[in-house]
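K.L.:
Hey, dropping my_file.cif in here, mmCIF, C-alpha atoms; chains and numbers go by the auth columns:
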data_protein
loop_
_atom_site.group_PDB
_atom_site.id
_atom_site.type_symbol
_atom_site.label_atom_id
_atom_site.label_comp_id
_atom_site.label_asym_id
_atom_site.label_seq_id
_atom_site.Cartn_x
_atom_site.Cartn_y
_atom_site.Cartn_z
_atom_site.B_iso_or_equiv
_atom_site.auth_seq_id
_atom_site.auth_asym_id
ATOM 1 C CA MET A 1 2.064 -23.569 62.817 0.00 1 P
ATOM 2 C CA VAL A 2 0.700 -20.077 62.384 0.00 2 P
ATOM 3 C CA THR A 3 -1.790 -19.329 59.589 0.00 3 P
ATOM 4 C CA ILE A 4 -1.743 -15.782 58.307 0.00 4 P
ATOM 5 C CA LEU A 5 -4.979 -14.575 56.761 0.00 5 P
ATOM 6 C CA VAL A 6 -4.619 -11.735 54.278 0.00 6 P
ATOM 7 C CA GLU A 7 -7.768 -9.851 53.419 0.00 7 P
ATOM 8 C CA GLU A 8 -8.090 -9.204 49.695 0.00 8 P
ATOM 9 C CA PRO A 9 -8.810 -5.596 48.747 0.00 9 P
ATOM 10 C CA LYS A 10 -12.208 -4.837 47.308 0.00 10 P
ATOM 11 C CA GLY A 11 -12.359 -5.070 43.528 0.00 11 P
ATOM 12 C CA ALA A 12 -9.204 -7.214 43.310 0.00 12 P
ATOM 13 C CA ALA A 13 -9.123 -10.185 40.954 0.00 13 P
ATOM 14 C CA LYS A 14 -10.081 -13.490 42.567 0.00 14 P
ATOM 15 C CA ASN A 15 -7.188 -15.742 43.512 0.00 15 P
ATOM 16 C CA TRP A 16 -7.487 -19.370 42.467 0.00 16 P
ATOM 17 C CA PRO A 17 -5.510 -22.019 44.380 0.00 17 P
ATOM 18 C CA SER A 18 -2.980 -24.110 42.474 0.00 18 P
ATOM 19 C CA LEU A 19 -3.823 -27.757 41.760 0.00 19 P
ATOM 20 C CA GLN A 20 -1.701 -30.841 41.256 0.00 20 P
ATOM 21 C CA PRO A 21 -2.157 -32.913 38.076 0.00 21 P
ATOM 22 C CA PRO A 22 -3.943 -36.234 38.615 0.00 22 P
ATOM 23 C CA MET A 23 -1.740 -39.212 39.352 0.00 23 P
ATOM 24 C CA PRO A 24 -1.198 -41.688 37.821 0.00 24 P
ATOM 25 C CA ARG A 25 -1.349 -39.871 34.506 0.00 25 P
ATOM 26 C CA LYS A 26 -3.920 -41.044 31.933 0.00 26 P
ATOM 27 C CA SER A 27 -3.953 -40.424 28.189 0.00 27 P
ATOM 28 C CA ARG A 28 -6.859 -38.261 27.036 0.00 28 P
ATOM 29 C CA LEU A 29 -7.899 -37.599 23.427 0.00 29 P
ATOM 30 C CA PHE A 30 -11.084 -35.602 24.196 0.00 30 P
ATOM 31 C CA CYS A 31 -13.402 -37.959 22.339 0.00 31 P
ATOM 32 C CA CYS A 32 -16.016 -37.479 25.046 0.00 32 P
ATOM 33 C CA GLY A 33 -16.887 -34.921 27.683 0.00 33 P
ATOM 34 C CA ASP A 34 -18.508 -34.564 31.047 0.00 34 P
ATOM 35 C CA LYS A 35 -21.649 -32.971 29.584 0.00 35 P
ATOM 36 C CA TYR A 36 -22.652 -35.712 27.146 0.00 36 P
ATOM 37 C CA GLY A 37 -20.861 -38.639 28.722 0.00 37 P
ATOM 38 C CA CYS A 38 -18.493 -41.141 27.213 0.00 38 P
ATOM 39 C CA CYS A 39 -20.255 -43.009 24.452 0.00 39 P
ATOM 40 C CA PRO A 40 -18.612 -44.579 21.335 0.00 40 P
ATOM 41 C CA ALA A 41 -21.697 -43.633 19.297 0.00 41 P
ATOM 42 C CA TRP A 42 -20.509 -40.033 19.264 0.00 42 P
ATOM 43 C CA MET A 43 -17.534 -41.141 17.149 0.00 43 P
ATOM 44 C CA LEU A 44 -19.939 -41.899 14.276 0.00 44 P
ATOM 45 C CA CYS A 45 -20.922 -38.223 14.089 0.00 45 P
ATOM 46 C CA TYR A 46 -17.430 -37.068 13.103 0.00 46 P
ATOM 47 C CA PRO A 47 -17.455 -38.449 9.520 0.00 47 P
ATOM 48 C CA CYS A 48 -20.964 -37.055 8.949 0.00 48 P
ATOM 49 C CA VAL A 49 -20.003 -33.604 10.163 0.00 49 P
ATOM 50 C CA ALA A 50 -16.770 -33.766 8.184 0.00 50 P
ATOM 51 C CA PHE A 51 -18.609 -34.699 4.955 0.00 51 P
ATOM 52 C CA LEU A 52 -21.144 -31.895 5.476 0.00 52 P
ATOM 53 C CA SER A 53 -18.318 -29.422 6.073 0.00 53 P
ATOM 54 C CA PHE A 54 -16.598 -30.660 2.898 0.00 54 P
ATOM 55 C CA VAL A 55 -19.756 -30.098 0.812 0.00 55 P
ATOM 56 C CA LEU A 56 -20.341 -26.638 2.270 0.00 56 P
ATOM 57 C CA GLY A 57 -16.677 -25.748 1.730 0.00 57 P
ATOM 58 C CA ALA A 58 -16.830 -26.845 -1.915 0.00 58 P
ATOM 59 C CA LEU A 59 -19.994 -24.795 -2.490 0.00 59 P
ATOM 60 C CA GLY A 60 -18.373 -21.823 -0.769 0.00 60 P
ATOM 61 C CA LEU A 61 -15.276 -22.071 -2.965 0.00 61 P
ATOM 62 C CA LEU A 62 -17.439 -22.333 -6.091 0.00 62 P
ATOM 63 C CA PHE A 63 -19.610 -19.370 -5.108 0.00 63 P
ATOM 64 C CA GLY A 64 -16.605 -17.315 -3.980 0.00 64 P
ATOM 65 C CA GLY A 65 -14.767 -18.121 -7.203 0.00 65 P
ATOM 66 C CA MET A 66 -17.723 -16.924 -9.268 0.00 66 P
ATOM 67 C CA ILE A 67 -17.841 -13.650 -7.312 0.00 67 P
ATOM 68 C CA ALA A 68 -14.070 -13.194 -7.685 0.00 68 P
ATOM 69 C CA LEU A 69 -14.333 -13.794 -11.429 0.00 69 P
ATOM 70 C CA VAL A 70 -17.098 -11.209 -11.803 0.00 70 P
ATOM 71 C CA VAL A 71 -15.138 -8.654 -9.766 0.00 71 P
ATOM 72 C CA TYR A 72 -12.003 -9.316 -11.820 0.00 72 P
ATOM 73 C CA LEU A 73 -13.905 -8.845 -15.093 0.00 73 P
ATOM 74 C CA LEU A 74 -15.295 -5.535 -13.831 0.00 74 P
ATOM 75 C CA VAL A 75 -12.167 -3.945 -12.332 0.00 75 P
ATOM 76 C CA GLY A 76 -9.341 -6.099 -13.676 0.00 76 P
ATOM 77 C CA VAL A 77 -8.388 -3.754 -16.526 0.00 77 P
ATOM 78 C CA ALA A 78 -8.276 -0.693 -14.274 0.00 78 P
ATOM 79 C CA LEU A 79 -6.279 -2.611 -11.665 0.00 79 P
ATOM 80 C CA TRP A 80 -3.679 -3.739 -14.208 0.00 80 P
ATOM 81 C CA VAL A 81 -3.399 -0.201 -15.579 0.00 81 P
ATOM 82 C CA VAL A 82 -2.513 1.032 -12.072 0.00 82 P
ATOM 83 C CA ILE A 83 -0.022 -1.814 -11.534 0.00 83 P
ATOM 84 C CA CYS A 84 1.680 -1.235 -14.894 0.00 84 P
ATOM 85 C CA TYR A 85 1.853 2.508 -14.221 0.00 85 P
ATOM 86 C CA PHE A 86 3.669 2.041 -10.919 0.00 86 P
ATOM 87 C CA LYS A 87 5.915 -0.689 -12.362 0.00 87 P
ATOM 88 C CA SER A 88 6.926 1.719 -15.124 0.00 88 P
ATOM 89 C CA TRP A 89 8.637 3.873 -12.478 0.00 89 P
ATOM 90 C CA ASN A 90 11.394 1.251 -12.516 0.00 90 P
ATOM 91 C CA TRP A 91 11.705 1.375 -16.320 0.00 91 P
ATOM 92 C CA TRP A 92 12.840 3.852 -18.971 0.00 92 P
ATOM 93 C CA GLY A 93 15.620 5.288 -16.843 0.00 93 P
ATOM 94 C CA ASN A 94 13.357 6.538 -14.051 0.00 94 P
ATOM 95 C CA GLY A 95 15.421 4.520 -11.597 0.00 95 P
ATOM 96 C CA TRP A 96 12.812 4.012 -8.881 0.00 96 P
ATOM 97 C CA VAL A 97 13.770 1.064 -6.689 0.00 97 P
ATOM 98 C CA GLY A 98 11.078 -0.446 -4.500 0.00 98 P
ATOM 99 C CA ASN A 99 7.627 -1.940 -4.383 0.00 99 P
ATOM 100 C CA ILE A 100 4.240 -0.357 -4.957 0.00 100 P
ATOM 101 C CA TYR A 101 3.724 0.786 -1.353 0.00 101 P
ATOM 102 C CA PRO A 102 6.206 3.727 -1.265 0.00 102 P
ATOM 103 C CA LYS A 103 5.056 4.821 -4.739 0.00 103 P
ATOM 104 C CA ILE A 104 1.410 5.117 -3.684 0.00 104 P
ATOM 105 C CA LEU A 105 2.503 6.844 -0.483 0.00 105 P
ATOM 106 C CA TYR A 106 4.574 9.283 -2.559 0.00 106 P
ATOM 107 C CA ILE A 107 1.532 10.179 -4.719 0.00 107 P
ATOM 108 C CA ILE A 108 -0.606 10.710 -1.597 0.00 108 P
ATOM 109 C CA TYR A 109 1.891 13.005 0.137 0.00 109 P
ATOM 110 C CA GLN A 110 2.591 14.938 -3.041 0.00 110 P
ATOM 111 C CA ASP A 111 -1.119 15.627 -3.494 0.00 111 P
ATOM 112 C CA MET A 112 -1.447 16.655 0.160 0.00 112 P
ATOM 113 C CA LEU A 113 1.633 18.884 0.001 0.00 113 P
ATOM 114 C CA PHE A 114 0.528 20.781 -3.104 0.00 114 P
ATOM 115 C CA ASP A 115 -2.839 21.462 -1.446 0.00 115 P
ATOM 116 C CA TRP A 116 -1.291 22.449 1.876 0.00 116 P
ATOM 117 C CA VAL A 117 -1.834 25.906 3.359 0.00 117 P
ATOM 118 C CA LYS A 118 0.641 27.297 5.862 0.00 118 P
ATOM 119 C CA ALA A 119 -0.909 27.416 9.312 0.00 119 P
ATOM 120 C CA GLU A 120 -1.287 30.790 10.986 0.00 120 P
ATOM 121 C CA ALA A 121 -2.261 31.519 14.580 0.00 121 P
ATOM 122 C CA THR A 122 -5.149 33.766 13.590 0.00 122 P
ATOM 123 C CA PRO A 123 -8.911 33.648 14.267 0.00 123 P
ATOM 124 C CA LYS A 124 -9.470 33.165 10.533 0.00 124 P
ATOM 125 C CA PHE A 125 -7.341 30.024 10.387 0.00 125 P
ATOM 126 C CA MET A 126 -8.155 28.752 13.881 0.00 126 P
ATOM 127 C CA PRO A 127 -11.732 29.752 14.759 0.00 127 P
ATOM 128 C CA ILE A 128 -12.719 29.033 18.332 0.00 128 P
ATOM 129 C CA ASP A 129 -16.040 27.472 17.330 0.00 129 P
ATOM 130 C CA GLN A 130 -14.151 24.582 15.659 0.00 130 P
ATOM 131 C CA LEU A 131 -12.482 23.475 18.875 0.00 131 P
ATOM 132 C CA LYS A 132 -13.407 19.910 19.724 0.00 132 P
ATOM 133 C CA PRO A 133 -14.279 18.760 23.247 0.00 133 P
ATOM 134 C CA LYS A 134 -11.539 17.085 25.214 0.00 134 P
ATOM 135 C CA GLY A 135 -11.275 13.331 24.829 0.00 135 P
ATOM 136 C CA PRO A 136 -9.053 10.438 23.724 0.00 136 P
ATOM 137 C CA LEU A 137 -7.613 10.874 20.243 0.00 137 P
ATOM 138 C CA CYS A 138 -7.850 8.269 17.505 0.00 138 P
ATOM 139 C CA LYS A 139 -4.326 6.866 17.028 0.00 139 P
ATOM 140 C CA SER A 140 -2.604 4.825 14.355 0.00 140 P
ATOM 141 C CA ASP A 141 0.536 2.703 14.469 0.00 141 P
ATOM 142 C CA ILE A 142 3.639 4.071 12.757 0.00 142 P
ATOM 143 C CA SER A 143 4.938 1.814 10.002 0.00 143 P
ATOM 144 C CA TYR A 144 8.311 0.194 10.735 0.00 144 P
ATOM 145 C CA ALA A 145 8.120 1.271 14.397 0.00 145 P
ATOM 146 C CA LEU A 146 7.702 -0.765 17.567 0.00 146 P
ATOM 147 C CA ALA A 147 4.473 0.005 19.419 0.00 147 P
ATOM 148 C CA ILE A 148 4.556 3.735 18.583 0.00 148 P
ATOM 149 C CA GLN A 149 1.236 5.421 17.876 0.00 149 P
ATOM 150 C CA VAL A 150 0.464 8.954 16.715 0.00 150 P
ATOM 151 C CA PRO A 151 -2.889 10.758 16.391 0.00 151 P
ATOM 152 C CA CYS A 152 -4.605 10.354 13.029 0.00 152 P
ATOM 153 C CA GLY A 153 -4.687 13.320 10.675 0.00 153 P
ATOM 154 C CA ARG A 154 -8.475 13.598 10.948 0.00 154 P
ATOM 155 C CA GLU A 155 -8.046 14.605 14.591 0.00 155 P
ATOM 156 C CA CYS A 156 -6.805 18.028 13.455 0.00 156 P
ATOM 157 C CA GLU A 157 -9.360 20.546 14.657 0.00 157 P
ATOM 158 C CA PHE A 158 -8.916 23.298 12.097 0.00 158 P
ATOM 159 C CA ARG A 159 -7.645 21.641 8.938 0.00 159 P
ATOM 160 C CA PRO A 160 -7.595 17.882 8.256 0.00 160 P
ATOM 161 C CA ALA A 161 -4.320 16.510 6.933 0.00 161 P
ATOM 162 C CA GLY A 162 -5.842 15.303 3.663 0.00 162 P
ATOM 163 C CA THR A 163 -9.067 13.741 2.475 0.00 163 P
ATOM 164 C CA PRO A 164 -10.584 10.734 4.280 0.00 164 P
ATOM 165 C CA LEU A 165 -9.379 8.468 1.442 0.00 165 P
ATOM 166 C CA GLN A 166 -5.822 9.809 1.685 0.00 166 P
ATOM 167 C CA GLU A 167 -5.816 9.327 5.455 0.00 167 P
ATOM 168 C CA TRP A 168 -7.125 5.770 5.208 0.00 168 P
ATOM 169 C CA LEU A 169 -4.562 4.834 2.566 0.00 169 P
ATOM 170 C CA SER A 170 -1.621 6.338 4.465 0.00 170 P
ATOM 171 C CA GLU A 171 -2.672 4.553 7.680 0.00 171 P
ATOM 172 C CA ASN A 172 -3.494 1.134 6.216 0.00 172 P
ATOM 173 C CA LEU A 173 -1.360 0.589 3.114 0.00 173 P
ATOM 174 C CA ALA A 174 1.589 -0.817 5.042 0.00 174 P
ATOM 175 C CA LYS A 175 -0.681 -3.456 6.611 0.00 175 P
ATOM 176 C CA ARG A 176 -2.315 -4.560 3.358 0.00 176 P
ATOM 177 C CA LEU A 177 0.366 -4.308 0.667 0.00 177 P
ATOM 178 C CA PRO A 178 3.531 -6.399 0.418 0.00 178 P
ATOM 179 C CA CYS A 179 6.553 -4.374 1.512 0.00 179 P
ATOM 180 C CA TRP A 180 10.228 -5.235 1.394 0.00 180 P
ATOM 181 C CA ASP A 181 13.506 -3.355 1.643 0.00 181 P
ATOM 182 C CA ASN A 182 16.215 -3.073 -0.967 0.00 182 P
ATOM 183 C CA HIS A 183 19.706 -2.906 0.528 0.00 183 P
ATOM 184 C CA THR A 184 21.632 -2.716 -2.751 0.00 184 P
ATOM 185 C CA PRO A 185 24.462 -0.204 -2.121 0.00 185 P
ATOM 186 C CA PHE A 186 25.180 2.737 -4.399 0.00 186 P
ATOM 187 C CA GLY A 187 28.066 2.417 -6.795 0.00 187 P
ATOM 188 C CA PRO A 188 31.338 4.296 -6.204 0.00 188 P
ATOM 189 C CA ASP A 189 30.421 6.942 -8.804 0.00 189 P
ATOM 190 C CA GLU A 190 26.732 7.268 -7.840 0.00 190 P
ATOM 191 C CA ASP A 191 25.568 10.262 -5.813 0.00 191 P
ATOM 192 C CA PRO A 192 22.914 9.113 -3.298 0.00 192 P
ATOM 193 C CA VAL A 193 21.929 12.693 -2.415 0.00 193 P
ATOM 194 C CA THR A 194 21.231 13.557 -6.046 0.00 194 P
ATOM 195 C CA TYR A 195 19.356 10.289 -6.497 0.00 195 P
ATOM 196 C CA VAL A 196 17.017 11.005 -3.568 0.00 196 P
ATOM 197 C CA MET A 197 16.430 14.582 -4.675 0.00 197 P
ATOM 198 C CA GLU A 198 15.600 13.496 -8.234 0.00 198 P
ATOM 199 C CA LYS A 199 13.041 10.989 -6.981 0.00 199 P
ATOM 200 C CA LEU A 200 11.609 12.798 -3.939 0.00 200 P
ATOM 201 C CA GLY A 201 12.331 16.429 -4.740 0.00 201 P
ATOM 202 C CA SER A 202 8.645 17.333 -5.081 0.00 202 P
ATOM 203 C CA VAL A 203 7.908 16.209 -1.501 0.00 203 P
ATOM 204 C CA PHE A 204 11.294 16.763 0.160 0.00 204 P
ATOM 205 C CA PRO A 205 11.188 19.359 2.970 0.00 205 P
ATOM 206 C CA GLU A 206 12.964 22.639 2.402 0.00 206 P
ATOM 207 C CA LEU A 207 16.425 22.672 3.971 0.00 207 P
ATOM 208 C CA MET A 208 17.132 25.327 6.566 0.00 208 P
ATOM 209 C CA GLN A 209 20.899 24.911 6.051 0.00 209 P
ATOM 210 C CA THR A 210 22.905 23.993 2.976 0.00 210 P
ATOM 211 C CA TRP A 211 25.883 21.709 3.481 0.00 211 P
ATOM 212 C CA THR A 212 28.209 21.779 0.498 0.00 212 P
ATOM 213 C CA GLU A 213 30.778 19.646 2.359 0.00 213 P
ATOM 214 C CA LYS A 214 30.334 17.202 5.226 0.00 214 P
ATOM 215 C CA GLN A 215 33.750 15.727 5.972 0.00 215 P
ATOM 216 C CA THR A 216 35.941 18.775 6.429 0.00 216 P
ATOM 217 C CA ASP A 217 37.143 20.563 9.562 0.00 217 P
ATOM 218 C CA LYS A 218 34.857 23.448 8.704 0.00 218 P
ATOM 219 C CA ALA A 219 31.851 21.112 8.632 0.00 219 P
ATOM 220 C CA LEU A 220 32.844 19.644 12.002 0.00 220 P
ATOM 221 C CA VAL A 221 33.143 23.104 13.591 0.00 221 P
ATOM 222 C CA ARG A 222 29.793 24.084 12.129 0.00 222 P
ATOM 223 C CA PHE A 223 28.146 20.911 13.444 0.00 223 P
ATOM 224 C CA VAL A 224 29.555 21.362 16.958 0.00 224 P
ATOM 225 C CA LEU A 225 28.835 25.098 17.289 0.00 225 P
ATOM 226 C CA HIS A 226 25.531 25.324 15.456 0.00 226 P
#
Transcribe the structure of this file into structure tokens.

P.N.:
Amino acid sequence: MVTILVEEPKGAAKNWPSLQPPMPRKSRLFCCGDKYGCCPAWMLCYPCVAFLSFVLGALGLLFGGMIALVVYLLVGVALWVVICYFKSWNWWGNGWVGNIYPKILYIIYQDMLFDWVKAEATPKFMPIDQLKPKGPLCKSDISYALAIQVPCGRECEFRPAGTPLQEWLSENLAKRLPCWDNHTPFGPDEDPVTYVMEKLGSVFPELMQTWTEKQTDKALVRFVLH
């Protein structure tokens, strides 16, 4: 029998040999340990610790409930005004379908878009003294994407993409607000393009091409050639 010794490279993780489970097998409920030994007296500590935890938990719930009540009395009216405002988007013929998350996101992007200034490659818009040193960028996960991250808006060197509050809301709303999809199809006489433009026209990007028809031979030729 030949034994082959392989030298581990420096800095490599230590290899641990595999072990067989003890035989014959014995039931273990972890009521004792190697450090303190196996003593039935330790079993008497469990009810005491459990009762103390129960008392502390009850006090914590009482104290937390009092704090929650005070916070609700202070900001409850303002919070319900905001909720009713966004719920009203679904009423009175406005026709918004969805939860509160896309509505808040719509308000944020609309505010950012109306305050946006077209970028120009000029020393006035991009001064050299505002260049940041090289380094890893702060990234945020894209909502509804699988493990895709993009740099945060605050990483822009010359002009941030919104206020710090707007950036925080756009990056964290999807993680903290309930979101669900609505897959109700449009009716046969409903125009989905008009619907989207009526609801998102103020933030919809300007179209470089106008397609008056999409299912004709002319549209096919235009799609293939251009």

K.L.:
In Å, with one decimal, what is the gap from CA of Asn99 in chain P to CA of Asn172 in chain P?

P.N.:
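Separation between CA of Asn99 in chain P and CA of Asn172 in chain P: 15.7 Å.
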
K.L.:
For Trp211 in chain P, which residue among P:Cys179, P:Val193, P:Leu225, P:Cys48 is the nearest when counting only C-alpha atoms?

P.N.:
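Of P:Cys179, P:Val193, P:Leu225, P:Cys48, the one nearest Trp211 in chain P, counting only C-alpha atoms, is P:Val193.
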
K.L.:
Would you pick out the contacts of Thr163 in chain P at 9 Å or less, using all atoms listed in the file, so that residues sharing its chain but fewer than 4 positions from it are not included, and give the list as a list in words?

P.N.:
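With the cut-off at 9 Å, the set is Met112, Arg154, Glu167 and Trp168 of chain P.
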
K.L.:
Enter the distance from CA of Tyr195 in chain P to CA of Val117 in chain P, in Å, rounded to one decimal.

P.N.:
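Between CA of Tyr195 in chain P and CA of Val117 in chain P the gap works out to 28.1 Å.
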
K.L.:
List as a list in words the protein and nucleic acid residues near range 72-89 of chain P, meaning an atom at most 12 Å away when all atoms listed in the file are counted, but skip any in the same chain fewer than 3 places from it.

P.N.:
Gly65, Met66, Ile67, Ala68, Leu69, Trp92, Gly93, Asn94, Gly95, Trp96, Val97, Gly98, Asn99, Ile100, Tyr101, Pro102, Lys103, Ile104, Leu105, Tyr106, Ile107 and Lys199 of chain P

K.L.:
Of the candidates P:Met208, P:Leu56, P:Lys26, P:Phe158, which shows the shortest atom-to-atom distance to Phe125 in chain P, using all atoms listed in the file?

P.N.:
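Looking only at the distances to Phe125 in chain P, the closest residue turns out to be P:Phe158.
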
K.L.:
Can you turn the PyMOL selection byres ((chain P and resi 127-141) around 7) into a concrete residue list for this file, as a compact mmCIF listing (two decimals) with C-alpha atoms, in the coordinates of the input?

P.N.:
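For reference, result-v9.txt as written:
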# COMPACT_ATOMS: atom_id res chain seq x y z
CA PRO P 123 -8.91 33.65 14.27
CA LYS P 124 -9.47 33.16 10.53
CA PHE P 125 -7.34 30.02 10.39
CA MET P 126 -8.15 28.75 13.88
CA ILE P 142 3.64 4.07 12.76
CA SER P 143 4.94 1.81 10.00
CA ALA P 147 4.47 0.00 19.42
CA ILE P 148 4.56 3.74 18.58
CA GLN P 149 1.24 5.42 17.88
CA VAL P 150 0.46 8.95 16.72
CA PRO P 151 -2.89 10.76 16.39
CA CYS P 152 -4.61 10.35 13.03
CA GLU P 155 -8.05 14.60 14.59
CA GLU P 157 -9.36 20.55 14.66
CA PHE P 158 -8.92 23.30 12.10
CA GLU P 171 -2.67 4.55 7.68

K.L.:
Translate the PyMOL selection byres ((chain P and resi 202) around 12), as applied to the file shown, into an explicit residue set as a ChimeraX atom specification.

P.N.:
/P:106-114,196-201,203-206

K.L.:
Choose the residue, out of P:Leu207, P:Val55, P:Val224, P:Ala119, that has the smallest atom-to-atom separation from Cys156 in chain P; count only C-alpha atoms.

P.N.:
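Between P:Leu207, P:Val55, P:Val224, P:Ala119, the residue approaching Cys156 in chain P most closely is P:Ala119.
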
K.L.:
Please compute the CA of Leu59 in chain P-CA of Cys45 in chain P distance, one decimal, in Å.

P.N.:
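Going from CA of Leu59 in chain P over to CA of Cys45 in chain P covers 21.4 Å.
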